[in-house]
Amino acid sequence: MTTTHQPTTPFDMGGIGHSVRRKEDDRFIQGAGRYLDDIQLPGMLHMAILRSPIAHGRILSIDASEAEAMDGVVAVVTGEMLAAHDLAWMPTLSGDTQAVLATDKVRYQGQEVAAVIATDPYIARDAVSAIFVDYEELPAITSPQQALEEGAVLIRDEKEGQTDNVAYTWEAGDREATDEAFAKADLVVTLDTHYPRSHPAPLETCGVVADVDPATGEATIYLTSQAPHAHRTLFAIVAGLPEEKIRIISPDIGGGFGNKVPIYPGYVVATAASLLIGKPVKWVESRSENLISTGFARDFHMHGELALTADGKILGLRASILSDQGAFYADAQPTRFRAGLFHICTGSYDFGAAHVAAKGAFTNKAPGGVAYRCSFRVTEASYLIERLVQNAAYELGMDPAEFRMKNFIRPEQFPYLSPTGFVYDSGDYHTALRKAMEMIDYEGWRRRQREPHPEGKLIGIGIASFTEVVGAGNSRTYDIAGLKMIDSAELRIHPTGKAILKLGVKSQGQGHETTFAQIVAEELGIPFSDVKVQEGDTDNTPYGLGTYASRSTPVAGAATAVVARQIREKARRLAAHLLEASPDDLEWEPGRFFVKGVPDKGVTIQEIAFAAYTDFPEDMEAGLEGVHYYDPPNMTYPFGSYIVVVEVDPEDGTWKVLDMVAVDDCGVRINPMIVEGQITGGLTEGFAKANMQWITFDENGNCIGSNFLDYLVPTAWETPRFRLGETVTPSPHHPIGAKGVGESATVGSPAAYVNAVIDALWSKGVRNIDMPVLPHRVWGALNGVEVAP
Amino acid sequence: MYPPAFDYAVPRSLDEALDLLAEVGDEGRVLAGGQSLIPMMKLRLAAPAHLVDINEISELSYIREVNGHLAIGALTRHADVVRSEIVGAGCSTMASAAPWVADPLVRNRGTVCGSVAHCDPEGDWNSVMLALGAEVVARSRTGERVIPISDFVVDFFTNALEPGEMVTELRVPRDDERSGGCYLKLERKIGDYATVGVAAHLRLDERGRIGRAGLALTSVAPVNLEVEEAERMMAGQEPSEELFAEAAEIAARTCQPQSDVRGPAEYKRAVVRAYTRRALHQALATARGER
Amino acid sequence: MEVTVTVNGVEYRRETEPRRLLVDFIRTDLGLTGTHIGCDTTSCGACTVLLDGVPVKSCTMFAVQANGHELTTVEGLRRDGELSPVQAAFKEHHGLQCGFCTPGMMLVATALLGANPDPTEDEVRWALSGNICRCTGYANIVKAIQSAAATMHEGVRA
Ligand SMILES: Cc1cc2nc3c(=O)[nH]c(=O)nc-3n(C[C@H](O)[C@H](O)[C@H](O)COP(=O)(O)OP(=O)(O)OC[C@H]3O[C@@H](n4cnc5c(N)ncnc54)[C@H](O)[C@@H]3O)c2cc1C
Ligand code: FES
Ligand code: FES
């Protein structure tokens with residue numbers, strides 16, 4: 001562990017460790033970004049979707065005649081029409097099927113029932129109001145517990161062999177060994193908590209412009225896609241189109257956070273409509289459509305137990321999960337792992353036994369299960385263990401920090417095989433927590449907490465020392481819908497020494513155009529500003545599974561480093577040719593090879609690049625380019641310690657953050673400024689979920705949280721101020737030692753906030769408050785009042 | 001997302017506006033700041049056939065001091081109130097409420113009178129106006145009426161205007177050297193409507209007793225709720241911790257909150273109790289010139 | 001109806017339906033796509049423009065209401081080929097990630113600094129509280145705006 005990584009390149013070259021300013025910003029700050037809704041094509045039509053107003057019901061009839069007769073309406077598409085082309089259903093990313101437009105039943109409020117294609121979006125919207133659907137209402141199932149009750153109405157009655165509402169069952173770890181550990185325990189601490197349904201809600205909603213050329217059958221599909229290559233393959237499979245005739249272009253994306261990973265019904269309908277009508281069709285979700293129908297996350301009902309010794313050691317963990325999947329099982333996650341990577345729930349602690357049992361239930365809610373700023377259910381896992389650990393400390397009469405220190409995996413134990421089968425690559429948890437405690441003055445706050453508060457407010461201090469797992473993953477174990485989770489980089493050095501780097505991933509704001517150029521700068525000494533980074537166009541970039549679950553740096557970043565190194569080796573041979581020396585006699589410094597011991601005798605990478613096209617040895621192929629597909633040997637395990645201090649007003653239940661410190665270790669930081677930006681964003685997301693942001697349903701399955709008046713996201717005013725710290729423990733198996741950071745703070749911070757509130761209220765007997773920790777819930781917990789929802 | 005179609009007229013003077021309103025009758029609506037009406041139209045919760053846009057009638061944009069009251073014109077935006085020195089010096093209750101109405105951009109468009117006319121029980125201004133005992137000036141082509149705010153607020157989204165009539169002005173009693181008030185609002189974030197809002201206003205007599213007390217609540221009844229029982233109870237009394245606690249008790253008992261995502265009714269009552277007490281203390285401090 | 005508006009100093013005259021929202025008019029009819037749409041409840045501020053210098057949500061105004069008025073959109077921030085201090089500061093301080101909220105944030109900042117040349121952190125956060133950013137956590141936006149304020153002071157003194 002070092003505290004920071006020292007750059008080896010000059011600032012202007014912008015290699016690893018430099019906070020160079022982002023190249024992409026120039027267009028964004030001038031309003032010249034090109035997002036999906038900015039696309040206008042000649043003759044383009046607009047689509048609007050009619051959605052189910054009820055949560056569960058049989059469709060008796062659809063009358064679209066009035067809509068069809070309206071001026072400007074080109075077509076009304078229904079499920080029946082799609083069924084005729086075998087397009088009424090489509091596969092999900094978890095091997096289930098999902099309705100594109102409902103044919104038999106609607107299974108959640110907001111489900112797609114019909115679509116209007118019109119010349120103008122206002123007209124399309126008017127026409128949607130003129131379609132009349134008759135439903136026979138069925139009972140709505142609004143919780144997974146209810147779904148599993150005896151005699152519950154069957155939601156997926158169309159699915160062959162499905163006789164109950166169980167979506168999946170899955171387990172990990174060793175049940176017997178865990179039972180043994182619990183048998184030996186002096187004390188068992190339990191926690192039941194719901195990680196509520198949430199939504200990534202990127203500021204730009206999802207959308208598509210489908211442009212199928214009637215003459216050639218070629219489809220250009222502009223898509224808000226975090227994974228354009230995977231989407232092309234899936235489109236080919238769903239729509240039965242030849243893959244070479246599909247070109248997915250993912251333009252600038254206004255935030256993704258997992259929301260833009262799945263394929264949504266609207267995309268398929270718009271593409272089908274364009275194919276049938278022969279004109280481009282645009283569909284852009286409204287915010288309500290976004291929140292009500294696409295890409296929810298979380299919704300895990302969790303039960304956890306920790307087996308403990310009287311002197312404060314953890315012996316084992318038992319977790320059981322009931323997940324609310326909505327009407328279709330659509331989690332975007334690796335195939336083998338039915339509850340994602342939830343089994344990382346042993347966290348940062350060293351103990352011998354763990355067992356996880358997970359079950360998913362179908363309910364009358366929207367499908368999704370996306371990895372919202374999180375690597376496949378890691379957020380839920382981290383939340384459970386960090387809450388449990390704090391409660392365990394209190395039950396043992398120990399300070400939660402001391403309890404953590406006592407149970408952390410020690411630095412010398414890495415690589416560490418966890419009881420559920422992960423091999424943690426590297427870590428130093430003690431140092432991170434110690435640093436966070438110093439930064440926030442932990443002891444000082446503990447003292448202040450004991451002093452009486454002049455206004456009767458309660459102070460609480462919460463810690464989360466999380467371990468994340470990102471960068472899925474090696475091809476032996478990880479695939480999504482059969483596609484192995486590799487990613488690639490293609491790098492071409494032009495004769496003048498400038499470069500273009502093409503990637504299979506896709507930035508949604510993470511700054512790829514800068515960060516990846518910096519990796520090239522580091523490896524080849526070409527200034528980052530001379531490296532153009534291209535992503536998002538499947539015709540012009542190599543294959544990859546896309547950007548989510550903090551994959552880009554661990555996988556595509558590694559691919560970039562490797563391909564750059566391959567090119568450097570060829571450059572070495574070219575340099576040897578130019579310098580009339582043996583390749584082995586050359587030494588590399590950023591941007592140049594020189595003859596060992598004769599620093600003056602050298603050639604720059606720019607000169608070498610020129611020679612690659614003008615003056616290369618006879619036995620060498622011209623050009624200076626390469627492509628590499630990176631299959632990660634292992635995942636990376638970022639970690640950190642967060643400490644939050646809150647002040648709770650017991651009268652109205654509000655709480656505010658007085659201080660927060662976040663010490664993150666994501667290995668080597670390519671661009672510290674960007675890394676800190678990602679962390680700050682993640683801490684804010686964590687706060688949002690802990691404090692206000694969630695989706696719930698009433699007993700009839702009406703979605704509450706379907707717009708930004710009900711789905712509360714914090715503004716600059718509510719957002720706490722954070723102080724950041726770092727430690728650097730490089731990943732030993734990653735070419736540049738980086739671990740990925742886009743999601744650590746979202747994963748780690750929710751437990752810290754909630755732990756802080758619980759810490760403030762522990763002496764009043766409060767043991768749990770589910771997120772979001774809304775004022776009325778705090779008040780209810782303090783006053784013993786049952787609070788629903 | 002997209003509002004339904006309507007006919008649009010944009011008068012340049014009040015008289016022209018009143019003529020237009022008379023013509024369209026109950027099919028027509030005034031378009032003021034549009035910060036309630038347009039969102040409702042976009043979600044297709046409202047579909048007026050005619051809109052009479054008053055935004056170009058600059059004669060309606062004013063805050064003036066007239067005969068012991070403040071006159072607020074129909075085109076006065078929330079942001080004008082936030083910035084107004086006249087309000088800052090003359091109406092502590094309005095001054096403390098204004099920054100908490102909606103968000104800064106909505107405040108740049110939304111109007112106080114529009115808010116009052118809208119009669120949304122979650123709106124902040126009507127509680128303030130009830131606590132202050134304000135008056136609403138309504139005009140039509142045929143004349144003008146001055147309506148006490150307590151008569152103007154009829155019901156859930158229902159005001160006392162007749163077809164063809166519009167609000168032209170609010171008249172708010174000016175604070176003297178022995179009066180003061182405040183508005184306390186519990187909201188989950190900026191831009192959220194109140195979970196609970198409490199407007200309190202006290203006017204002391206020469207001996208420091210409470211001459212007039214105003215107390216009104218937001219979001220805890222089908223209308224903004226004036227707590228008349230507490231107002232009467234406090235009148236003539238010596239201000240004290242006990243008195244305010246009793247008023248808070250009355251407020252908590254009188255309000256009719258619904259259990260919803262902002263919390264169970266019991267919780268809202270508890271907040272009404274706590275905020276009423278706090279608001280009365282703050283109002284007293286202002287009335288005594290202590291803050 | 002016919003609408004005449006001046007946007008970023010250029011006068012435009014267009015026919016439009018009364019119900020057309022100003023944001024659609026700007027984005028589609030005028031082709032100025034730097035103004036964005038992020039919600040349908042007047043909550044997010046992605047659509048912020050300056051109406052006669054005052055920041056408003058253009059999704060909650062009809063285009064016809066802009067008749068005879070002056071608008072500034074993000075495309076109008078750059079003057080004489082130079083980025084405005086606010087634009088430059090957003091880049092310098094990493095005040096944006098996906099860039100979707102950025103035009104709105106910069107327009108609010110521009111109006112704020114016009115009225116209050118030296119805002120405190122609280123004042124900046126308060127002014128921004130009608131605009132949502134889902135990426136940055138706001139800290140760098142605030143920093144950028146305060147730094148732009150400082151730059152503008154230097155400009156005045158110089
Ligand atoms: C995101 C958001 C958050 C908000 N938060 C709050 C909040 O916290 N607290 C709060 O109080 N409000 C809030 N509002 C509402 C805001 O304050 C509105 O400005 C106000 O409710 C209505 O004023 P307006 O001028 O915009 O009226 P409009 O929307 O133009 O009109 C509203 C109604 O009143 C009628 N009307 C308007 N003016 C007159 C008149 N002069 N005479 C007769 N009828 C008239 C209209 O015909 C219409 O029926 C919020 C709005 C938004 C969009
Ligand atoms: S689009 Fe205008 S406020 Fe969200
Ligand atoms: S930068 Fe993405 S929403 Fe603000």
# chains A, B, ... in the order shown; residues from 1 in each chain; ligands from 1

$ residues_near_ligand --ligand "ligand 3" --cutoff "7 Å" --atoms "only C-alpha atoms and all ligand atoms" --output "short mmCIF file (atom, residue, chain, number, x, y, z; two decimals) with all heavy atoms, in the first residue's frame"
data_model
loop_
_atom_site.label_atom_id
_atom_site.label_comp_id
_atom_site.auth_asym_id
_atom_site.auth_seq_id
_atom_site.Cartn_x
_atom_site.Cartn_y
_atom_site.Cartn_z
N PRO A 202 -31.10 8.08 -14.73
CA PRO A 202 -30.15 9.03 -15.31
C PRO A 202 -30.92 10.23 -15.83
O PRO A 202 -32.11 10.09 -16.16
CB PRO A 202 -29.52 8.24 -16.46
CG PRO A 202 -30.52 7.18 -16.80
CD PRO A 202 -31.20 6.84 -15.51
N LEU A 203 -30.28 11.39 -15.89
CA LEU A 203 -31.05 12.59 -16.24
C LEU A 203 -31.61 12.49 -17.66
O LEU A 203 -32.69 13.00 -17.94
CB LEU A 203 -30.19 13.85 -16.07
CG LEU A 203 -31.01 15.13 -15.97
CD1 LEU A 203 -32.07 15.05 -14.89
CD2 LEU A 203 -30.11 16.32 -15.72
N GLY A 254 -26.59 10.58 -21.61
CA GLY A 254 -26.78 11.45 -20.45
C GLY A 254 -26.95 10.68 -19.17
O GLY A 254 -27.93 10.81 -18.46
N GLY A 255 -25.95 9.86 -18.87
CA GLY A 255 -25.99 9.05 -17.65
C GLY A 255 -26.66 7.71 -17.93
O GLY A 255 -27.59 7.61 -18.73
N GLY A 509 -20.56 9.28 -19.26
CA GLY A 509 -20.20 10.42 -18.43
C GLY A 509 -18.94 10.16 -17.62
O GLY A 509 -18.45 11.03 -16.92
N LEU C 96 -18.77 18.59 -14.65
CA LEU C 96 -19.74 17.82 -15.43
C LEU C 96 -19.22 16.42 -15.67
O LEU C 96 -18.01 16.20 -15.71
CB LEU C 96 -20.03 18.48 -16.79
CG LEU C 96 -18.85 18.67 -17.74
CD1 LEU C 96 -19.31 18.56 -19.18
CD2 LEU C 96 -18.20 20.01 -17.51
N GLN C 97 -20.15 15.52 -15.80
CA GLN C 97 -19.77 14.16 -16.20
C GLN C 97 -20.49 13.83 -17.51
O GLN C 97 -19.90 13.92 -18.57
CB GLN C 97 -20.05 13.17 -15.07
CG GLN C 97 -19.05 13.40 -13.90
CD GLN C 97 -19.24 12.44 -12.74
OE1 GLN C 97 -19.83 11.38 -12.86
NE2 GLN C 97 -18.72 12.81 -11.58
N CYS C 98 -21.77 13.47 -17.43
CA CYS C 98 -22.45 13.14 -18.70
C CYS C 98 -22.80 14.38 -19.49
O CYS C 98 -23.07 14.32 -20.67
CB CYS C 98 -23.68 12.30 -18.44
SG CYS C 98 -25.11 13.23 -17.86
N GLY C 99 -22.85 15.52 -18.83
CA GLY C 99 -23.10 16.77 -19.53
C GLY C 99 -24.57 17.10 -19.75
O GLY C 99 -24.89 18.13 -20.32
N PHE C 100 -25.46 16.24 -19.29
CA PHE C 100 -26.87 16.45 -19.62
C PHE C 100 -27.48 17.60 -18.82
O PHE C 100 -28.29 18.35 -19.33
CB PHE C 100 -27.66 15.15 -19.40
CG PHE C 100 -28.89 15.05 -20.24
CD1 PHE C 100 -28.79 14.81 -21.61
CD2 PHE C 100 -30.16 15.19 -19.69
CE1 PHE C 100 -29.93 14.71 -22.41
CE2 PHE C 100 -31.30 15.09 -20.47
CZ PHE C 100 -31.19 14.85 -21.83
N CYS C 101 -27.07 17.72 -17.57
CA CYS C 101 -27.60 18.81 -16.73
C CYS C 101 -26.83 20.11 -16.96
O CYS C 101 -27.25 21.16 -16.51
CB CYS C 101 -27.48 18.45 -15.26
SG CYS C 101 -25.76 18.43 -14.66
N THR C 102 -25.67 19.99 -17.60
CA THR C 102 -24.68 21.07 -17.61
C THR C 102 -25.20 22.39 -18.20
O THR C 102 -24.97 23.45 -17.62
CB THR C 102 -23.42 20.59 -18.35
OG1 THR C 102 -23.07 19.31 -17.83
CG2 THR C 102 -22.28 21.55 -18.17
N ILE C 132 -31.35 19.38 -11.19
CA ILE C 132 -30.87 18.08 -10.72
C ILE C 132 -29.68 17.64 -11.56
O ILE C 132 -29.68 17.76 -12.79
CB ILE C 132 -32.00 17.03 -10.83
CG1 ILE C 132 -33.06 17.33 -9.78
CG2 ILE C 132 -31.45 15.61 -10.65
CD1 ILE C 132 -34.31 16.49 -9.93
N CYS C 133 -28.68 17.13 -10.87
CA CYS C 133 -27.58 16.44 -11.54
C CYS C 133 -27.54 15.04 -10.96
O CYS C 133 -27.56 14.87 -9.75
CB CYS C 133 -26.25 17.15 -11.30
SG CYS C 133 -24.86 16.21 -11.97
N ARG C 134 -27.48 14.05 -11.80
CA ARG C 134 -27.45 12.67 -11.32
C ARG C 134 -26.03 12.11 -11.27
O ARG C 134 -25.84 10.98 -10.82
CB ARG C 134 -28.32 11.79 -12.22
CG ARG C 134 -29.79 12.11 -12.15
CD ARG C 134 -30.42 11.70 -10.84
NE ARG C 134 -30.55 10.28 -10.68
CZ ARG C 134 -30.70 9.67 -9.50
NH1 ARG C 134 -30.70 10.38 -8.39
NH2 ARG C 134 -30.83 8.37 -9.43
N CYS C 135 -25.08 12.84 -11.79
CA CYS C 135 -23.73 12.28 -11.90
C CYS C 135 -22.75 12.81 -10.87
O CYS C 135 -22.02 12.06 -10.26
CB CYS C 135 -23.14 12.58 -13.27
SG CYS C 135 -24.08 11.97 -14.67
N THR C 136 -22.70 14.12 -10.70
CA THR C 136 -21.52 14.71 -10.07
C THR C 136 -21.57 14.80 -8.55
O THR C 136 -20.53 14.97 -7.93
CB THR C 136 -21.31 16.16 -10.56
OG1 THR C 136 -22.44 16.94 -10.13
CG2 THR C 136 -21.19 16.24 -12.06
#

$ select_by_dssp --residues "range 14-73 of chain C" --states "helix (DSSP H, G or I)" --output "PyMOL selection string"
chain C and resi 22-29+58-60+63-66

$ write_last_selection --atoms "N, CA, C and O atoms" --output "short mmCIF file (atom, residue, chain, number, x, y, z; two decimals), in the first residue's frame"
data_model
loop_
_atom_site.label_atom_id
_atom_site.label_comp_id
_atom_site.auth_asym_id
_atom_site.auth_seq_id
_atom_site.Cartn_x
_atom_site.Cartn_y
_atom_site.Cartn_z
N LEU C 22 -42.11 25.62 -24.92
CA LEU C 22 -40.94 26.40 -25.35
C LEU C 22 -39.74 25.49 -25.59
O LEU C 22 -38.98 25.68 -26.53
N VAL C 23 -39.57 24.48 -24.76
CA VAL C 23 -38.40 23.62 -24.91
C VAL C 23 -38.41 22.89 -26.25
O VAL C 23 -37.38 22.75 -26.90
N ASP C 24 -39.59 22.46 -26.69
CA ASP C 24 -39.67 21.77 -27.98
C ASP C 24 -39.42 22.75 -29.12
O ASP C 24 -38.81 22.41 -30.14
N PHE C 25 -39.91 23.95 -28.93
CA PHE C 25 -39.70 24.99 -29.93
C PHE C 25 -38.20 25.26 -30.10
O PHE C 25 -37.68 25.30 -31.21
N ILE C 26 -37.51 25.39 -28.99
CA ILE C 26 -36.08 25.69 -29.04
C ILE C 26 -35.31 24.51 -29.65
O ILE C 26 -34.48 24.68 -30.53
N ARG C 27 -35.63 23.32 -29.18
CA ARG C 27 -34.86 22.15 -29.60
C ARG C 27 -35.16 21.73 -31.03
O ARG C 27 -34.26 21.48 -31.82
N THR C 28 -36.45 21.66 -31.35
CA THR C 28 -36.82 21.10 -32.64
C THR C 28 -36.98 22.19 -33.70
O THR C 28 -36.41 22.09 -34.78
N ASP C 29 -37.73 23.23 -33.38
CA ASP C 29 -38.02 24.24 -34.40
C ASP C 29 -36.79 25.10 -34.67
O ASP C 29 -36.55 25.50 -35.81
N SER C 58 -37.92 25.86 -19.37
CA SER C 58 -38.59 26.06 -20.66
C SER C 58 -39.58 24.95 -20.98
O SER C 58 -40.31 25.04 -21.95
N CYS C 59 -39.62 23.91 -20.16
CA CYS C 59 -40.63 22.87 -20.34
C CYS C 59 -41.94 23.29 -19.71
O CYS C 59 -42.94 22.61 -19.83
N THR C 60 -41.93 24.41 -18.99
CA THR C 60 -43.13 24.83 -18.28
C THR C 60 -43.52 26.24 -18.70
O THR C 60 -43.86 27.11 -17.90
N ALA C 63 -44.31 28.17 -26.03
CA ALA C 63 -43.45 28.95 -26.93
C ALA C 63 -44.06 30.31 -27.21
O ALA C 63 -43.36 31.32 -27.27
N VAL C 64 -45.39 30.35 -27.33
CA VAL C 64 -46.04 31.64 -27.64
C VAL C 64 -45.79 32.69 -26.55
O VAL C 64 -45.81 33.88 -26.81
N GLN C 65 -45.50 32.21 -25.34
CA GLN C 65 -45.26 33.17 -24.25
C GLN C 65 -43.90 33.85 -24.37
O GLN C 65 -43.64 34.83 -23.67
N ALA C 66 -43.05 33.30 -25.22
CA ALA C 66 -41.74 33.93 -25.41
C ALA C 66 -41.79 35.00 -26.49
O ALA C 66 -40.79 35.69 -26.74
#

$ residues_around --residues "Ala285 in chain B" --least-positions-apart "3" --cutoff "10 Å" --atoms "only C-alpha atoms" --output "PyMOL selection string"
chain B and resi 179-181+202+279-282+288-291

$ residues_around --residues "His94 in chain C" --least-positions-apart "5" --cutoff "9 Å" --atoms "only C-alpha atoms" --output "ChimeraX atom specification"
/A:21-22,25,673-674,677 /C:89,136,140-141,144

$ residues_around --residues "Thr48 in chain C" --least-positions-apart "5" --cutoff "8 Å" --atoms "only C-alpha atoms" --output "count of residues only"
11

$ residues_near_ligand --ligand "ligand 2" --cutoff "7 Å" --atoms "only C-alpha atoms and all ligand atoms" --output "JSON, numbers by chain"
{"C": [36, 37, 38, 39, 40, 41, 42, 43, 44, 45, 46, 47, 48, 57, 58, 59, 60]}

$ residues_near_ligand --ligand "ligand 1" --cutoff "6 Å" --atoms "only C-alpha atoms and all ligand atoms" --output "PyMOL selection string"
(chain B and resi 29-37+74+101-102+106+110-111+113-115+117-118+123-125+166-168+191-193) or (chain C and resi 42-43)

$ write_last_selection --atoms "C-alpha atoms" --output "PDB file, in the first residue's frame"
ATOM      1  CA  ARG B  29     -58.617  29.919 -17.249  1.00  0.00           C
ATOM      2  CA  VAL B  30     -56.110  32.540 -16.321  1.00  0.00           C
ATOM      3  CA  LEU B  31     -52.550  31.574 -17.166  1.00  0.00           C
ATOM      4  CA  ALA B  32     -50.325  33.258 -14.607  1.00  0.00           C
ATOM      5  CA  GLY B  33     -46.943  31.725 -13.799  1.00  0.00           C
ATOM      6  CA  GLY B  34     -48.141  28.487 -15.268  1.00  0.00           C
ATOM      7  CA  GLN B  35     -46.137  26.552 -12.691  1.00  0.00           C
ATOM      8  CA  SER B  36     -49.169  24.602 -11.538  1.00  0.00           C
ATOM      9  CA  LEU B  37     -51.372  24.786 -14.593  1.00  0.00           C
ATOM     10  CA  ALA B  74     -51.440  39.378  -9.728  1.00  0.00           C
ATOM     11  CA  VAL B 101     -41.989  27.878  -2.004  1.00  0.00           C
ATOM     12  CA  ALA B 102     -41.057  25.452  -4.796  1.00  0.00           C
ATOM     13  CA  VAL B 106     -40.227  27.887 -10.367  1.00  0.00           C
ATOM     14  CA  GLY B 110     -44.929  31.235 -10.334  1.00  0.00           C
ATOM     15  CA  THR B 111     -47.053  33.997  -8.840  1.00  0.00           C
ATOM     16  CA  CYS B 113     -51.841  35.280  -6.535  1.00  0.00           C
ATOM     17  CA  GLY B 114     -51.812  32.249  -8.817  1.00  0.00           C
ATOM     18  CA  SER B 115     -50.883  30.126  -5.881  1.00  0.00           C
ATOM     19  CA  ALA B 117     -56.167  31.145  -6.557  1.00  0.00           C
ATOM     20  CA  HIS B 118     -55.064  27.544  -7.094  1.00  0.00           C
ATOM     21  CA  GLY B 123     -49.544  25.182  -1.320  1.00  0.00           C
ATOM     22  CA  ASP B 124     -47.745  27.388   1.158  1.00  0.00           C
ATOM     23  CA  TRP B 125     -49.161  30.829   0.496  1.00  0.00           C
ATOM     24  CA  MET B 166     -59.873  36.948 -11.636  1.00  0.00           C
ATOM     25  CA  VAL B 167     -57.650  37.812  -8.725  1.00  0.00           C
ATOM     26  CA  THR B 168     -55.941  41.136  -9.281  1.00  0.00           C
ATOM     27  CA  GLY B 191     -39.139  21.440  -4.772  1.00  0.00           C
ATOM     28  CA  ASP B 192     -41.201  19.128  -2.612  1.00  0.00           C
ATOM     29  CA  TYR B 193     -44.530  20.262  -1.259  1.00  0.00           C
TER      30      TYR B 193
ATOM     31  CA  THR C  42     -40.922  20.743 -13.811  1.00  0.00           C
ATOM     32  CA  SER C  43     -38.485  19.179 -11.390  1.00  0.00           C
TER      33      SER C  43
END

$ interface_residues --of "chain A" --to "chain C" --cutoff "8 Å" --atoms "only C-alpha atoms" --output "JSON, numbers by chain"
{"A": [21, 22, 25, 26, 28, 29, 30, 31, 32, 33, 38, 201, 202, 203, 204, 205, 252, 253, 254, 255, 286, 287, 288, 508, 509, 510, 511, 673, 674, 677, 678, 680, 681, 682, 683, 684, 685, 707, 708, 709, 713, 714, 715, 716, 717, 719, 721]}

$ residues_around --residues "Gly473 in chain A" --least-positions-apart "6" --cutoff "9 Å" --atoms "only C-alpha atoms" --output "MDAnalysis selection string"
chainID A and resid 334 479 484:486 551 555 631:635
